[in-house]
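Have a look at the structure below, then the notes.
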Amino acid sequence: MKVPSDSRARILQQVHAATQKTENPGDLASTYSNLPRTYVRAGRLSVAERIALMIERLREYDADVVETTSDKLDLAIAAQLRASGRHVFVAAEGLPAAWMAGGFEWKIDRNLSAAEIETCEGVVTGSFGGIADSGTIVLHHSAQEGRRIVSLLPDWHLCILYASRVVETLPEYFARCEQPPVLATYISGPSATADIEMTRIKGVHGPRFLNVIVVDDLGAELNTRQQGKEEISQGKST
Amino acid sequence: MSGTSYHPVLDPALAPPFPKAVLPVLRNPQLRKNVAHAIDVIQAKRARLVAEKVDWQELRSAGAAIREHSLAHLGAYLEQFEARCTAAGGTVHWAADADEARRIILEILRQENASEVIKIKTMTSAEIQLNPFLEAAGIKAYETDLAEIILQLGHEEPSHIVVPALHVNRSQVREIFAQSMGIKDLSDDPKALTAAARNYLRQKFLTVPTAISGANFLVAETGSVAIVESEGNGRMCLTLPNTMITLAGIEKVIPRFQDLEVMLQVLARSATGERMNPYTSVWSGVTPGDGPQRFHVVLLDNGRSKILAKNTERQTLRCIRCAACMNSCPVYRQTGGHAYGSVYPGPIGAILTPQLMQMNYAQSLPYASSLCGACYEVCPVKINIPEVLLELRSQVVNQERGKAAKFFDPMYLGLRAANLIFSRAWLFHAAQYLGRVGLKLFTGKDGWIHRLPSIGGEWTQTRDLRGLPKQPFHSWWAARQKGGR
Amino acid sequence: MRASLFITCYNDTLFPETGRAVVRLLERLGVELDFHPKQTCCGQMHANTGFRGEAFCQAKRFVRMYQDVVAVVIPSSSCVAMIRDQYPGLFEELGNEELRRQFASLLPRVYELSEFVVDQLGVDDVGAYFPHRVTYHASCHGLRGIHLGDRPARLMNKVRGMEQVPLANLDRCCGFGGTFSVKNGEVSSAMLAVKLQDLMATRAEFCTALDNSCLMHLGGAMHRQYAGMKTIHLAEILASTEAEPAEALL
């Protein structure tokens with residue numbers, strides 16, 4: 001077997017030779033920063049419209065969405081858990097204790113094995129934020145958002161999304177990342193496939209049920225939201 | 001070949017030329033219906049979502065610029081990727097060709113004592129014939145993407161790079177699953193079929209400790225890999241096992257994490273007609289306590305650095321494998337993917353495959369296009385596929401024109417003669433006259449030609465040709481000028 | 001206005017009636033038309049089949065022949081696309097400085113017929129009369145190659161007596177593709193079959209286009225199948241009047 005480093009040197013040498021005429025190694029950063037980026041970066045919706053769009057998009061994906069306020073969040077979680085008809089839940093390690101409603105069996109993820117998580121019927125996690133334009137929920141897998149495995153194996157995922165963490169466009173999300181995350185999962189609706197005759201089937205390997213609680217932590221700003229909703233639906237019909 | 005022999009799938013070196021390969025397909029109504037249906041559905045979804053995007057052309061321009069910039073500085077970005085990935089706990093390997101990539105992967109699997117491996121759909125692994133190779137080495141590879149399961153269990157070949165089983169319909173899937181999974185009363189409802197696949201794989205996900213993936217993007221800045229998928233099989237494979245091996249072409253690198261804001265927007269819309277695909281995962285090296293604790297990246301050249309060196313052809317490497325070109329291609333719509341004899345079918349395959357083969361095989365593929373330009377119009381990174389097709393056609397002609405066998409080939413004879421004829425007006429006019437007289441033999445009473453010999457027969461197999469008119473335009477003009485004065 | 005007609009090799013040989021129609025139309029609109037008797041071919045067939053050197057010979061010939069004219073009018077969108085898309089690369093690779101300069105100066109004076117009428121003459125009502133049911137096939141080169149846009153529609157909308165029927169899947173290739181139609185005759189025929197379904201669904205009498213190459217392919221199949229539809233170049237419709245109907249109707 002060849003020593004791998006031989007191929008490394010050879011490939012890099014060939015690549016550098018191939019790009020001799022085009023590369024600008026002296027000032028890669030400035031060449032990069034001059035790339036054309038005239039696409040839409042900033043959103044144009046009001047806060048209320050943005051949240052309404054996020055919810056609309058999530059519902060298009062068949063996600064179950066409820067809205068609540070910060071002070072009623074615990075109750076809203078408990079109601080969702082009860083409505084699910086499930087009893088055994090896994091909780092992300094850093095999940096606030098208040099979110100773990102009584103009357104259910106909770107397994108807190110302190111390095112649970114896959115087999116243990118597999119026995120859970122549902123999972124509750126926080127989220128890094130949301131992107132309204134595509135109805136995407138972002139997980140950076142902090143302690144509150146949980147390890148990747150906990151939001152993957154259980155068939156039912158309840159995700160808490162703060163309105164203040166929802167942006168309108170994908171570029172706005174990237175602008176919010178001060179540092180690139182080490183781990184990131186972007187969820188746009190429950191697991192799905194269209195591999196058989198392009199018929200969209202919900203639920204293959206990931207959770208088949210995605211429930212989202214949108215928490216209004218923006219207070220007054222969201223008071224205009226009913227109005228915002230109407231504007232969006234009017235905009236759609238014209 | 002390290003003493004292992006295996007049966008390659010869709011090997012361009014063994015495939016018949018495109019015009020021959022299409023014949024059975026064109027006579028297969030079921031296959032043509034399945035392909036056209038799938039294509040029409042994706043096309044309609046894509047068109048709707050692209051239309052709602054006010055900045056679509058700006059995104060395309062940015063996508064093209066980012067990819068072109070990455071290629072122009074590929075060496076620097078690859079080294080940066082390697083350094084960051086290594087710092088994050090990954091191990092980076094370099095494979096000059098398919099053979100080396102296979103051996104690197106096999107060696108890792110041997111170190112892991114793996115007898116089984118689970119796989120996320122990766123066309124690059126198909127390019128290097130990894131599955132049959134591993135099979136011959138005694139390692140069973142389980143595909144986990146629904147379409148790939150259908151193909152693997154049904155011993156079918158992929159015909160598309162995003163929805164590889166689009167040529168198979170629900171009743172055929174039912175047959176395949178019922179037989180190979182031993183389920184007697186399986187219905188052909190896609191929901192039931194999908195559930196069957198879920199059950200079939202669940203234990204594999206939970207127990208097989210080694211996984212192989214491709215990469216949609218490698219991020220140089222962070223040393224991360226990005227995987228774009230729908231079903232969650234990708235997340236299963238990249239979360240549950242102890243060891244992950246990512247196989248990626250060297251061209252997959254993009255400079256920064258933030259570049260995903262362009263690439264993800266154009267990829268999902270172009271590939272499946274979604275605003276965003278259900279799941280996208282990004283990870284950097286190894287994260288203690290979360291996901292595989294051993295992580296390898298195999299960077300594959302396999303002819304790519306040669307493509308990089310060529311002016312017109314380099315843009316081929318911008319490709320992000322969205323398949324919009326094949327979905328828009330009127331040729332692909334009739335033939336599906338198998339006729340291309342490569343894991344990369346459609347317009348991108350028609351330019352990529354012969355180049356990966358270093359123009360030693362697949363020379364018929366650059367001609368498998370009517371040059372209608374639909375592929376270029378939809379390409380999210382603006383690959384001018386017709387331009388590359390023409391460049392490759394000229395390379396094929398340069399290869400062939402010296403060969404004795406091609407000297408009397410009617411196409412070569414005709415085009416060489418035409419060149420002479422077009423060089424002098426009197427020759428052109430004489431040829432028109434001779435052509436008219438010659439074709440009179442074949443012209444029916446209705447003034448039309450119904451059957452021609454040789455290459456003309458290719459035309460008249462389905463089309464008549466009006467007999468040549470007595471007076472070409474230039475003679476009419478000359479007579480008119482004379483009469484007028 | 002003066003203009004020089006580049007009829008193209010296959011129109012000269014196979015479709016002289018299109019050329020005659022262009023002459024009638026443009027002269028009716030007051031254009032002083034020339035025809036260079038030594039013209040042959042733009043080189044498209046060679047270039048598209050991979051014979052670049054040969055294509056360059058035709059390209060060179062074209063540029064030298066027309067370098068002094070006010071405008072070149074070409075009733076074939078694919079030949080115009082050849083000149084706009086492929087000549088630059090050919091001259092870059094094989095030409096000398098002088099040729100490149102000549103070409104650069106000529107290029108803005110090369111017009112497809114509908115471009116010339118709508119943009120240069122500023123006319124969309126050409127006074128045509130064509131009392132028939134007609135569907136328009138947007139050839140790929142006209143649609144995506146040289147972006148004719150709404151020019152053909154603007155001209156057709158002003159033709160008196162004509163009933164227009166939209167063609168489904170207008171942006172889909174008919175399968176001609178030059179030598180593709182014989183090198184991949186079977187796929188070409190399969191694409192043709194699909195296009196014919198859409199065409200027949202229009203129940204039009206005529207299928208028109210700004211490129212006789214697609215029309216030769218479509219019309220050849222219509223004739224073979226006794227389909228009851230004919231093809232006609234748009235120039236012939238635009239030239240047609242009550243007093244002097246199109247030759248195809250005679």
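Ordered as shown in the structure tokens, chains take letters A, B, and onward, while each chain numbers its residues from 1 and ligands are numbered from 1 in the order shown.
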Taking only residues of stretch 349-437 of chain B that have an atom at most 12 Å from an atom of stretch 77-86 of chain C, what is each one's shortest atom pair and its distance in Å to one decimal, using only C-alpha atoms, in chain and number order, as JSON lines?
```
{"residue": "B:Leu371", "atom": "CA", "partner": "C:Ser78", "partner_atom": "CA", "distance": 10.6}
{"residue": "B:Cys372", "atom": "CA", "partner": "C:Ser78", "partner_atom": "CA", "distance": 10.3}
{"residue": "B:Gly373", "atom": "CA", "partner": "C:Ala81", "partner_atom": "CA", "distance": 11.4}
{"residue": "B:Asn384", "atom": "CA", "partner": "C:Asp85", "partner_atom": "CA", "distance": 11.2}
{"residue": "B:Pro386", "atom": "CA", "partner": "C:Asp85", "partner_atom": "CA", "distance": 10.4}
{"residue": "B:Glu387", "atom": "CA", "partner": "C:Gln86", "partner_atom": "CA", "distance": 8.5}
{"residue": "B:Val388", "atom": "CA", "partner": "C:Gln86", "partner_atom": "CA", "distance": 11.8}
{"residue": "B:Leu390", "atom": "CA", "partner": "C:Gln86", "partner_atom": "CA", "distance": 9.5}
{"residue": "B:Glu391", "atom": "CA", "partner": "C:Gln86", "partner_atom": "CA", "distance": 10.7}
```
At most 6 Å to chain B: residues in chain C, only C-alpha atoms, as a list of chain:residue names: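 Residues satisfying the distance criterion: C:Asp12, C:Thr13, C:Leu14, C:Pro16, C:Lys38, C:Thr40, C:Gly50, C:Phe51, C:Glu54, C:Cys140, C:Gly177, C:Phe180, C:Val182, C:Asn184, C:Gly185, C:Gly220, C:Ala221, C:Arg224.
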Residue selection dump (C-alpha atoms) as a PDB file, in the first residue's frame:
```
ATOM      1  CA  ASP C  12     -30.930  28.369 -49.307  1.00  0.00           C
ATOM      2  CA  THR C  13     -30.973  24.695 -50.197  1.00  0.00           C
ATOM      3  CA  LEU C  14     -34.146  23.391 -48.603  1.00  0.00           C
ATOM      4  CA  PRO C  16     -36.059  29.018 -50.520  1.00  0.00           C
ATOM      5  CA  LYS C  38     -20.926  33.999 -52.196  1.00  0.00           C
ATOM      6  CA  THR C  40     -22.575  29.642 -47.637  1.00  0.00           C
ATOM      7  CA  GLY C  50     -17.081  18.970 -32.544  1.00  0.00           C
ATOM      8  CA  PHE C  51     -15.346  20.031 -35.738  1.00  0.00           C
ATOM      9  CA  GLU C  54     -13.844  23.510 -39.794  1.00  0.00           C
ATOM     10  CA  CYS C 140     -34.499  26.482 -27.841  1.00  0.00           C
ATOM     11  CA  GLY C 177     -30.504  19.280 -32.188  1.00  0.00           C
ATOM     12  CA  PHE C 180     -28.118  14.916 -32.744  1.00  0.00           C
ATOM     13  CA  VAL C 182     -29.120  11.393 -36.690  1.00  0.00           C
ATOM     14  CA  ASN C 184     -29.046   9.847 -31.594  1.00  0.00           C
ATOM     15  CA  GLY C 185     -31.903   9.298 -34.012  1.00  0.00           C
ATOM     16  CA  GLY C 220     -41.059  15.703 -41.566  1.00  0.00           C
ATOM     17  CA  ALA C 221     -42.832  13.749 -38.855  1.00  0.00           C
ATOM     18  CA  ARG C 224     -44.850  10.881 -42.324  1.00  0.00           C
TER      19      ARG C 224
END
```
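For B:Gly349, the non-local neighbours within 10 Å, defined as residues at least 6 positions apart in the same chain or in other chains and counting only C-alpha atoms, are His160, Ile161, Thr316, Ala323, Cys325, Met326, Gly337, Tyr340, Gly341, Ser342, Val343, Gln355, Leu356, Ala362, Leu365 and Pro366 of chain B.
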Would you mind exporting all heavy atoms of the selected residues as a compact mmCIF listing (two decimals), in the first residue's frame?
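As a result, out_28.txt now contains:
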```txt
# COMPACT_ATOMS: atom_id res chain seq x y z
N HIS B 160 -30.56 8.20 -11.11
CA HIS B 160 -30.69 9.64 -10.85
C HIS B 160 -29.81 9.89 -9.64
O HIS B 160 -29.61 8.99 -8.82
CB HIS B 160 -32.16 9.96 -10.55
CG HIS B 160 -32.51 11.42 -10.50
ND1 HIS B 160 -32.32 12.19 -9.38
CD2 HIS B 160 -33.08 12.25 -11.42
CE1 HIS B 160 -32.75 13.43 -9.62
NE2 HIS B 160 -33.21 13.49 -10.85
N ILE B 161 -29.28 11.11 -9.48
CA ILE B 161 -28.37 11.30 -8.35
C ILE B 161 -29.07 11.78 -7.08
O ILE B 161 -28.51 11.70 -6.00
CB ILE B 161 -27.20 12.26 -8.70
CG1 ILE B 161 -27.71 13.64 -9.11
CG2 ILE B 161 -26.32 11.66 -9.77
CD1 ILE B 161 -26.59 14.66 -9.27
N THR B 316 -17.18 22.32 -14.50
CA THR B 316 -17.83 21.06 -14.18
C THR B 316 -17.75 20.78 -12.68
O THR B 316 -18.67 20.23 -12.07
CB THR B 316 -17.13 19.90 -14.93
OG1 THR B 316 -16.98 20.25 -16.31
CG2 THR B 316 -17.90 18.60 -14.80
N ALA B 323 -29.03 17.88 -9.34
CA ALA B 323 -29.77 17.15 -10.37
C ALA B 323 -30.80 17.99 -11.12
O ALA B 323 -31.58 17.45 -11.90
CB ALA B 323 -30.44 15.90 -9.80
N CYS B 325 -30.28 19.75 -13.55
CA CYS B 325 -30.00 19.62 -14.99
C CYS B 325 -30.67 18.39 -15.57
O CYS B 325 -31.24 18.43 -16.65
CB CYS B 325 -28.50 19.62 -15.26
SG CYS B 325 -27.57 18.29 -14.49
N MET B 326 -30.61 17.27 -14.83
CA MET B 326 -31.26 16.08 -15.40
C MET B 326 -32.77 16.21 -15.35
O MET B 326 -33.47 15.74 -16.23
CB MET B 326 -30.74 14.78 -14.79
CG MET B 326 -30.80 14.60 -13.33
SD MET B 326 -29.65 13.28 -12.75
CE MET B 326 -28.09 14.15 -12.78
N GLY B 337 -31.77 7.33 -16.41
CA GLY B 337 -30.35 7.45 -16.17
C GLY B 337 -29.47 6.30 -16.63
O GLY B 337 -28.29 6.49 -16.91
N TYR B 340 -26.88 6.19 -19.61
CA TYR B 340 -25.63 6.96 -19.56
C TYR B 340 -24.45 6.09 -19.10
O TYR B 340 -23.31 6.52 -19.14
CB TYR B 340 -25.78 8.17 -18.64
CG TYR B 340 -26.71 9.24 -19.17
CD1 TYR B 340 -28.09 9.11 -19.05
CD2 TYR B 340 -26.22 10.38 -19.81
CE1 TYR B 340 -28.96 10.09 -19.53
CE2 TYR B 340 -27.08 11.36 -20.30
CZ TYR B 340 -28.45 11.21 -20.16
OH TYR B 340 -29.30 12.17 -20.64
N GLY B 341 -24.77 4.89 -18.57
CA GLY B 341 -23.70 3.95 -18.23
C GLY B 341 -22.77 4.45 -17.16
O GLY B 341 -21.59 4.07 -17.10
N SER B 342 -23.27 5.30 -16.27
CA SER B 342 -22.43 5.92 -15.26
C SER B 342 -23.32 6.23 -14.06
O SER B 342 -24.53 6.41 -14.20
CB SER B 342 -21.83 7.21 -15.81
OG SER B 342 -21.39 8.06 -14.76
N VAL B 343 -22.71 6.34 -12.89
CA VAL B 343 -23.51 6.72 -11.73
C VAL B 343 -23.92 8.20 -11.83
O VAL B 343 -24.80 8.64 -11.11
CB VAL B 343 -22.77 6.48 -10.40
CG1 VAL B 343 -22.48 5.00 -10.24
CG2 VAL B 343 -21.49 7.28 -10.32
N GLN B 355 -14.92 13.04 -18.55
CA GLN B 355 -13.73 13.70 -17.98
C GLN B 355 -13.12 12.86 -16.87
O GLN B 355 -11.90 12.75 -16.75
CB GLN B 355 -14.09 15.09 -17.47
CG GLN B 355 -14.50 16.05 -18.57
CD GLN B 355 -14.66 17.46 -18.04
OE1 GLN B 355 -13.68 18.13 -17.77
NE2 GLN B 355 -15.90 17.90 -17.89
N LEU B 356 -13.97 12.26 -16.02
CA LEU B 356 -13.43 11.38 -14.97
C LEU B 356 -12.72 10.19 -15.60
O LEU B 356 -11.78 9.64 -15.04
CB LEU B 356 -14.55 10.91 -14.02
CG LEU B 356 -15.14 11.95 -13.08
CD1 LEU B 356 -16.29 11.36 -12.27
CD2 LEU B 356 -14.07 12.53 -12.15
N ALA B 362 -16.66 6.57 -22.55
CA ALA B 362 -17.86 7.43 -22.50
C ALA B 362 -17.82 8.58 -23.50
O ALA B 362 -18.43 9.62 -23.28
CB ALA B 362 -18.09 7.96 -21.08
N LEU B 365 -21.12 10.19 -24.67
CA LEU B 365 -21.97 11.00 -23.79
C LEU B 365 -22.03 12.49 -24.15
O LEU B 365 -23.10 13.10 -24.05
CB LEU B 365 -21.57 10.82 -22.32
CG LEU B 365 -21.86 9.44 -21.73
CD1 LEU B 365 -21.55 9.42 -20.24
CD2 LEU B 365 -23.30 9.03 -21.97
N PRO B 366 -20.92 13.11 -24.56
CA PRO B 366 -21.05 14.53 -24.93
C PRO B 366 -22.03 14.74 -26.09
O PRO B 366 -22.50 15.86 -26.31
CB PRO B 366 -19.63 14.92 -25.34
CG PRO B 366 -18.75 13.97 -24.60
CD PRO B 366 -19.51 12.68 -24.56
```
Test item, helix (DSSP H, G or I) assignment across stretch 88-219 of chain C, answer as a PyMOL selection string: chain C and resi 88-94+97-109+113-120+140-145+151-157+180-183+185-201+212-219
In stretch 7-230 of chain A, DSSP strand (DSSP E) residues written as a ChimeraX atom specification: /A:64-69,88-91,105-108,122-125,129-131,136-139,156-162,166-167,183-187,192-193,201-202,209-216
Can I get the residues of stretch 5-46 of chain A within 7 Å of stretch 59-67 of chain B, each with the closest pair of atoms and their distance in Å to one decimal, using only C-alpha atoms, sorted chain first then ascending number, as a tab-separated table?
```
residue	atom	partner	partner_atom	distance
A:Leu35	CA	B:Ala65	CA	6.3
A:Pro36	CA	B:Ala62	CA	5.7
A:Arg37	CA	B:Ala62	CA	5.6
A:Tyr39	CA	B:Leu59	CA	5.5
```
Gap from atom CA of B:Phe205 to atom CA of B:Asp290 - Å, one decimal: 15.7 Å
Distance-based interface of chain A with chain B, 6 Å, counting only C-alpha atoms, as a PyMOL selection string: chain A and resi 7-8+12+15-16+18-19+22-23+36-39+134+147+170-171+174+182-189+191-193+195+197-198+204-206
Long-range neighbours of stretch 25-33 of chain C as a PyMOL selection string, 10 Å cut-off, only C-alpha atoms, 4 positions minimum in chain: chain C and resi 1-5+19-21+71-73+113+116-117+121+123+126-128+235-241
Spatial neighbours of C:Gly161, max dist 6 Å, only C-alpha atoms, sep filter under 2 positions, as a list in words: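 In the requested form, the answer reads Tyr129, Phe130 and Pro131 of chain C.
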Now that the selection is made, can you save its residues with N, CA, C and O atoms as a CSV table (one decimal), in the first residue's frame?
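Result file follows (part-v8.csv):
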```csv
chain,number,residue,atom,x,y,z
C,129,TYR,N,-51.7,39.2,-43.2
C,129,TYR,CA,-53.0,38.6,-43.1
C,129,TYR,C,-52.8,37.1,-43.3
C,129,TYR,O,-52.2,36.7,-44.3
C,130,PHE,N,-53.3,36.3,-42.4
C,130,PHE,CA,-53.1,34.9,-42.4
C,130,PHE,C,-54.3,34.2,-41.7
C,130,PHE,O,-54.2,34.0,-40.5
C,131,PRO,N,-55.4,34.0,-42.4
C,131,PRO,CA,-56.6,33.5,-41.7
C,131,PRO,C,-56.6,32.0,-41.4
C,131,PRO,O,-57.3,31.2,-41.9
```
